[in-house]
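Right, one structure below, let's go through it.
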Amino acid sequence: LPLIEAEFEVINQGMSTWRTDSEISKFNAGDTGAYRFGDQSVEVIKRSLQVARQTQGAFDPTVAPLIRLWGFGAKALKEPPTASLLSAARQAVGYSKLSWNTKGELVKSQQGLSLDLSAIAKGYAVDRIAAIVRAQGAQHGMVEVGGEVVAWGSRAQGGPWKLAVDAPVDGAKPGQDFAAIVKLMNKAMATSGDYRQFRIENGRRVQHIIDPRTGVPVEHGLASVTVVAQDCITADAYATALMVMGVREGLALVNSIPRVDALFLERQPKGWRQIKTRNMGKYLIEQKAD
């Protein structure tokens, strides 16, 4: 559909970190000062800062320098960081260093501060595409982009849509094995995991989930989190935040938020174990664990 292609173009023009001409790339390349974003980018940035505040920085859209420092993402470094490099990167991270002025422009308070919305923009794109498809008259449907899903109505055979959650097996291909099956009807779902982007250094697992609050990769044993929410922008952002927070902190947070639920898969010596938030059980059809 041309409408969908046009929508992706608008989103990429605003939020792609790979395009040098995008709004976000221009903001990141600039010095301190104010920058005016388009309406869609503003909506996603505001939502990301809201989640950052709610998670007390476990989710942080300024975390990119730390991810690069630990050897992941665009322009990644290949060596483990020195203490001085880590300190410098942490200085360039902090969602509270961004603010909006009275003209609705985003202001960064220091040089080197950058935005990366990749942990939330995909969910937003799924919501937007689903809205377009529904506006065209689709009473039943599912939109999926890179594992983030919105489903409405029912599937052709009747009943809710059924989606498998990948088992958190290192190096496994998507769909190779599953840990649970989620039923979705008029809901969104997103999964974040550590089993595709990681490396082993001196016997220790170094993964791409970096805690913005400490500056180092998390080591709490959480393999993946699947979030079910009213919209995909919420599911996407919280899946990332909960991977940072871990089971104990993450459970407490999600159980305090209405209409958001999560399934945690925690690594065990053999396989993994499932931990569910208060209402997650109603979305699970079949459970399987090694």
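Labels used: A, B, ... for chains in the order of the structure tokens, numbers from 1 for residues in each chain, and numbers from 1 for ligands as shown.
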
> Could you pull out all residues of stretch 98-147 of chain A with a DSSP call of helix (DSSP H, G or I) and give them as a PyMOL selection string?
Replying inline: chain A and resi 121-135

Write a file of the just-selected residues containing all heavy atoms, as a JSON list (two decimals), in the first residue's frame.
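Contents of again.json, as written:
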```
[["chain", "number", "residue", "atom", "x", "y", "z"],
["A", 121, "ALA", "N", 10.62, 3.34, 18.61],
["A", 121, "ALA", "CA", 10.08, 3.79, 17.32],
["A", 121, "ALA", "C", 9.44, 2.66, 16.52],
["A", 121, "ALA", "O", 8.47, 2.87, 15.80],
["A", 121, "ALA", "CB", 11.18, 4.46, 16.50],
["A", 122, "LYS", "N", 9.99, 1.43, 16.66],
["A", 122, "LYS", "CA", 9.41, 0.31, 15.91],
["A", 122, "LYS", "C", 7.99, 0.03, 16.40],
["A", 122, "LYS", "O", 7.08, -0.20, 15.61],
["A", 122, "LYS", "CB", 10.30, -0.93, 16.04],
["A", 122, "LYS", "CG", 10.00, -1.99, 15.02],
["A", 122, "LYS", "CD", 11.13, -3.00, 14.84],
["A", 122, "LYS", "CE", 11.69, -3.55, 16.13],
["A", 122, "LYS", "NZ", 12.58, -4.69, 15.93],
["A", 123, "GLY", "N", 7.80, 0.08, 17.71],
["A", 123, "GLY", "CA", 6.46, -0.11, 18.26],
["A", 123, "GLY", "C", 5.50, 0.96, 17.79],
["A", 123, "GLY", "O", 4.34, 0.68, 17.45],
["A", 124, "TYR", "N", 5.99, 2.19, 17.73],
["A", 124, "TYR", "CA", 5.17, 3.30, 17.24],
["A", 124, "TYR", "C", 4.78, 3.07, 15.78],
["A", 124, "TYR", "O", 3.63, 3.27, 15.38],
["A", 124, "TYR", "CB", 5.95, 4.61, 17.37],
["A", 124, "TYR", "CG", 5.26, 5.82, 16.78],
["A", 124, "TYR", "CD1", 4.21, 6.43, 17.44],
["A", 124, "TYR", "CD2", 5.67, 6.34, 15.56],
["A", 124, "TYR", "CE1", 3.57, 7.54, 16.90],
["A", 124, "TYR", "CE2", 5.05, 7.45, 15.01],
["A", 124, "TYR", "CZ", 4.00, 8.05, 15.69],
["A", 124, "TYR", "OH", 3.37, 9.15, 15.15],
["A", 125, "ALA", "N", 5.75, 2.60, 14.98],
["A", 125, "ALA", "CA", 5.48, 2.33, 13.55],
["A", 125, "ALA", "C", 4.40, 1.27, 13.40],
["A", 125, "ALA", "O", 3.50, 1.39, 12.55],
["A", 125, "ALA", "CB", 6.76, 1.89, 12.86],
["A", 126, "VAL", "N", 4.44, 0.23, 14.22],
["A", 126, "VAL", "CA", 3.43, -0.82, 14.16],
["A", 126, "VAL", "C", 2.04, -0.24, 14.46],
["A", 126, "VAL", "O", 1.06, -0.55, 13.78],
["A", 126, "VAL", "CB", 3.77, -1.97, 15.13],
["A", 126, "VAL", "CG1", 2.64, -3.00, 15.19],
["A", 126, "VAL", "CG2", 5.06, -2.66, 14.69],
["A", 127, "ASP", "N", 1.97, 0.60, 15.49],
["A", 127, "ASP", "CA", 0.69, 1.24, 15.83],
["A", 127, "ASP", "C", 0.16, 2.07, 14.66],
["A", 127, "ASP", "O", -1.04, 2.03, 14.34],
["A", 127, "ASP", "CB", 0.85, 2.17, 17.04],
["A", 127, "ASP", "CG", 1.03, 1.41, 18.35],
["A", 127, "ASP", "OD1", 0.53, 0.27, 18.44],
["A", 127, "ASP", "OD2", 1.64, 1.96, 19.27],
["A", 128, "ARG", "N", 1.04, 2.82, 14.02],
["A", 128, "ARG", "CA", 0.63, 3.70, 12.91],
["A", 128, "ARG", "C", 0.15, 2.88, 11.71],
["A", 128, "ARG", "O", -0.87, 3.20, 11.09],
["A", 128, "ARG", "CB", 1.78, 4.61, 12.49],
["A", 128, "ARG", "CG", 2.22, 5.61, 13.54],
["A", 128, "ARG", "CD", 1.24, 6.73, 13.75],
["A", 128, "ARG", "NE", 1.04, 7.52, 12.55],
["A", 128, "ARG", "CZ", 0.40, 8.67, 12.52],
["A", 128, "ARG", "NH1", -0.12, 9.17, 13.62],
["A", 128, "ARG", "NH2", 0.25, 9.34, 11.38],
["A", 129, "ILE", "N", 0.88, 1.81, 11.38],
["A", 129, "ILE", "CA", 0.50, 0.97, 10.24],
["A", 129, "ILE", "C", -0.84, 0.27, 10.53],
["A", 129, "ILE", "O", -1.72, 0.20, 9.66],
["A", 129, "ILE", "CB", 1.59, -0.07, 9.92],
["A", 129, "ILE", "CG1", 2.94, 0.62, 9.59],
["A", 129, "ILE", "CG2", 1.16, -0.96, 8.76],
["A", 129, "ILE", "CD1", 2.90, 1.76, 8.61],
["A", 130, "ALA", "N", -0.99, -0.22, 11.76],
["A", 130, "ALA", "CA", -2.25, -0.86, 12.13],
["A", 130, "ALA", "C", -3.41, 0.12, 12.00],
["A", 130, "ALA", "O", -4.50, -0.23, 11.53],
["A", 130, "ALA", "CB", -2.17, -1.41, 13.56],
["A", 131, "ALA", "N", -3.20, 1.37, 12.40],
["A", 131, "ALA", "CA", -4.24, 2.39, 12.30],
["A", 131, "ALA", "C", -4.63, 2.64, 10.84],
["A", 131, "ALA", "O", -5.82, 2.81, 10.51],
["A", 131, "ALA", "CB", -3.78, 3.68, 12.97],
["A", 132, "ILE", "N", -3.63, 2.65, 9.95],
["A", 132, "ILE", "CA", -3.90, 2.85, 8.52],
["A", 132, "ILE", "C", -4.72, 1.69, 7.97],
["A", 132, "ILE", "O", -5.72, 1.89, 7.26],
["A", 132, "ILE", "CB", -2.57, 2.99, 7.73],
["A", 132, "ILE", "CG1", -1.92, 4.35, 8.04],
["A", 132, "ILE", "CG2", -2.81, 2.85, 6.23],
["A", 132, "ILE", "CD1", -0.52, 4.49, 7.48],
["A", 133, "VAL", "N", -4.31, 0.47, 8.30],
["A", 133, "VAL", "CA", -5.00, -0.72, 7.78],
["A", 133, "VAL", "C", -6.45, -0.75, 8.30],
["A", 133, "VAL", "O", -7.39, -1.04, 7.55],
["A", 133, "VAL", "CB", -4.24, -2.00, 8.17],
["A", 133, "VAL", "CG1", -5.01, -3.24, 7.75],
["A", 133, "VAL", "CG2", -2.85, -2.01, 7.53],
["A", 134, "ARG", "N", -6.63, -0.42, 9.56],
["A", 134, "ARG", "CA", -7.98, -0.42, 10.13],
["A", 134, "ARG", "C", -8.84, 0.68, 9.49],
["A", 134, "ARG", "O", -10.04, 0.48, 9.26],
["A", 134, "ARG", "CB", -7.91, -0.23, 11.65],
["A", 134, "ARG", "CG", -7.26, -1.40, 12.35],
["A", 134, "ARG", "CD", -7.25, -1.26, 13.85],
["A", 134, "ARG", "NE", -8.56, -1.57, 14.42],
["A", 134, "ARG", "CZ", -8.76, -1.82, 15.70],
["A", 134, "ARG", "NH1", -7.75, -1.80, 16.55],
["A", 134, "ARG", "NH2", -9.97, -2.09, 16.15],
["A", 135, "ALA", "N", -8.22, 1.82, 9.21],
["A", 135, "ALA", "CA", -8.95, 2.92, 8.58],
["A", 135, "ALA", "C", -9.41, 2.55, 7.17],
["A", 135, "ALA", "O", -10.38, 3.12, 6.65],
["A", 135, "ALA", "CB", -8.09, 4.18, 8.55]]
```

> Contacts of stretch 103-107 of chain A at 8 Å or less, counting only C-alpha atoms, minus same-chain residues fewer than 6 places along, as an NGL selection string?
Replying inline: :A and (32-37)

Output N, CA and C atoms for every residue in the selection just made, as a CSV table (one decimal), in the first residue's frame.
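In the end it all went to out_27.csv:
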```
chain,number,residue,atom,x,y,z
A,32,THR,N,24.8,22.3,21.4
A,32,THR,CA,23.7,22.6,22.3
A,32,THR,C,22.8,23.5,21.7
A,33,GLY,N,21.6,23.6,22.2
A,33,GLY,CA,20.6,24.5,21.6
A,33,GLY,C,19.3,23.8,21.3
A,34,ALA,N,18.4,24.5,20.6
A,34,ALA,CA,17.0,24.0,20.4
A,34,ALA,C,16.9,23.4,19.0
A,35,TYR,N,16.0,22.4,18.9
A,35,TYR,CA,15.7,21.8,17.6
A,35,TYR,C,14.2,21.5,17.5
A,36,ARG,N,13.7,21.8,16.3
A,36,ARG,CA,12.2,21.6,16.1
A,36,ARG,C,12.1,20.3,15.4
A,37,PHE,N,11.4,19.3,16.0
A,37,PHE,CA,11.0,18.0,15.4
A,37,PHE,C,9.6,18.1,14.8
```

Given only C-alpha atoms, how would the per-residue table for stretch 48-156 of chain A near stretch 214-230 of chain A read, listing every residue at most 12 Å away with its closest atom pair and distance in Å to one decimal, sorted by chain and number, as a tab-separated table?
```
residue	atom	partner	partner_atom	distance
A:Gly57	CA	A:Thr214	CA	9.9
A:Ala58	CA	A:Thr214	CA	9.4
A:Asp60	CA	A:Gly215	CA	11.4
A:Thr62	CA	A:Gly215	CA	11.8
A:Val63	CA	A:Gly215	CA	8.6
A:Ala64	CA	A:Gly215	CA	10.7
A:Pro65	CA	A:Gly215	CA	9.6
A:Leu66	CA	A:Gly215	CA	6.3
A:Ile67	CA	A:Pro217	CA	8.7
A:Arg68	CA	A:Gly215	CA	11.3
A:Leu69	CA	A:Gly215	CA	9.5
A:Trp70	CA	A:Pro217	CA	7.9
A:Gly71	CA	A:Pro217	CA	10.8
A:Phe72	CA	A:Pro217	CA	10.9
A:Pro80	CA	A:Val216	CA	10.6
A:Pro81	CA	A:Val216	CA	9.9
A:Thr82	CA	A:Val216	CA	11.8
A:Ala83	CA	A:Gly215	CA	10.7
A:Leu85	CA	A:Gly215	CA	10.8
A:Leu86	CA	A:Gly215	CA	7.1
A:Ser87	CA	A:Gly215	CA	8.5
A:Ala88	CA	A:Gly215	CA	10.4
A:Ala89	CA	A:Gly215	CA	8.1
A:Arg90	CA	A:Gly215	CA	6.3
A:Gln91	CA	A:Gly215	CA	10.0
A:Ala92	CA	A:Gly215	CA	10.8
A:Val93	CA	A:Gly215	CA	9.0
A:Gly94	CA	A:Gly215	CA	10.8
A:Gly123	CA	A:Ala229	CA	11.0
A:Asp127	CA	A:Gln230	CA	10.0
A:Gly147	CA	A:Thr226	CA	10.4
A:Glu148	CA	A:Val227	CA	9.9
A:Val149	CA	A:Val228	CA	9.5
A:Val150	CA	A:Gln230	CA	8.9
A:Ala151	CA	A:Gln230	CA	10.3
A:Trp152	CA	A:Gln230	CA	10.8
```

With C-alpha atoms retained, could you export that selection as an mmCIF file, in the first residue's frame?
```cif
data_model
loop_
_atom_site.group_PDB
_atom_site.id
_atom_site.type_symbol
_atom_site.label_atom_id
_atom_site.label_comp_id
_atom_site.auth_asym_id
_atom_site.auth_seq_id
_atom_site.Cartn_x
_atom_site.Cartn_y
_atom_site.Cartn_z
ATOM 1 C CA GLY A 57 16.248 5.873 33.921
ATOM 2 C CA ALA A 58 16.196 2.112 33.221
ATOM 3 C CA ASP A 60 16.813 6.141 28.475
ATOM 4 C CA THR A 62 20.149 8.988 25.285
ATOM 5 C CA VAL A 63 21.927 5.658 26.035
ATOM 6 C CA ALA A 64 23.555 5.199 22.573
ATOM 7 C CA PRO A 65 27.113 6.255 23.613
ATOM 8 C CA LEU A 66 27.175 3.456 26.201
ATOM 9 C CA ILE A 67 25.874 0.852 23.732
ATOM 10 C CA ARG A 68 28.592 1.837 21.235
ATOM 11 C CA LEU A 69 31.209 1.767 23.981
ATOM 12 C CA TRP A 70 30.393 -1.851 24.811
ATOM 13 C CA GLY A 71 30.666 -2.895 21.165
ATOM 14 C CA PHE A 72 27.092 -2.918 19.858
ATOM 15 C CA PRO A 80 36.176 -3.376 26.344
ATOM 16 C CA PRO A 81 36.077 0.225 27.593
ATOM 17 C CA THR A 82 38.599 1.761 29.939
ATOM 18 C CA ALA A 83 37.374 3.462 33.116
ATOM 19 C CA LEU A 85 36.083 6.085 28.414
ATOM 20 C CA LEU A 86 33.207 4.725 30.490
ATOM 21 C CA SER A 87 33.151 7.856 32.626
ATOM 22 C CA ALA A 88 33.119 10.093 29.536
ATOM 23 C CA ALA A 89 30.284 8.090 27.940
ATOM 24 C CA ARG A 90 28.223 8.265 31.122
ATOM 25 C CA GLN A 91 28.610 12.046 31.083
ATOM 26 C CA ALA A 92 27.018 12.047 27.614
ATOM 27 C CA VAL A 93 23.982 10.046 28.803
ATOM 28 C CA GLY A 94 20.982 11.252 30.759
ATOM 29 C CA GLY A 123 6.460 -0.109 18.265
ATOM 30 C CA ASP A 127 0.688 1.243 15.826
ATOM 31 C CA GLY A 147 8.760 -9.004 16.246
ATOM 32 C CA GLU A 148 6.551 -6.161 17.480
ATOM 33 C CA VAL A 149 2.868 -6.928 16.942
ATOM 34 C CA VAL A 150 -0.579 -5.341 17.001
ATOM 35 C CA ALA A 151 -3.564 -7.672 16.566
ATOM 36 C CA TRP A 152 -7.260 -6.831 16.406
#
```

>> Using only C-alpha atoms for the distances, tell me which of A:Pro258, A:Arg273, A:Ser48, A:Glu144 is nearest to A:Leu98.
In response: A:Ser48
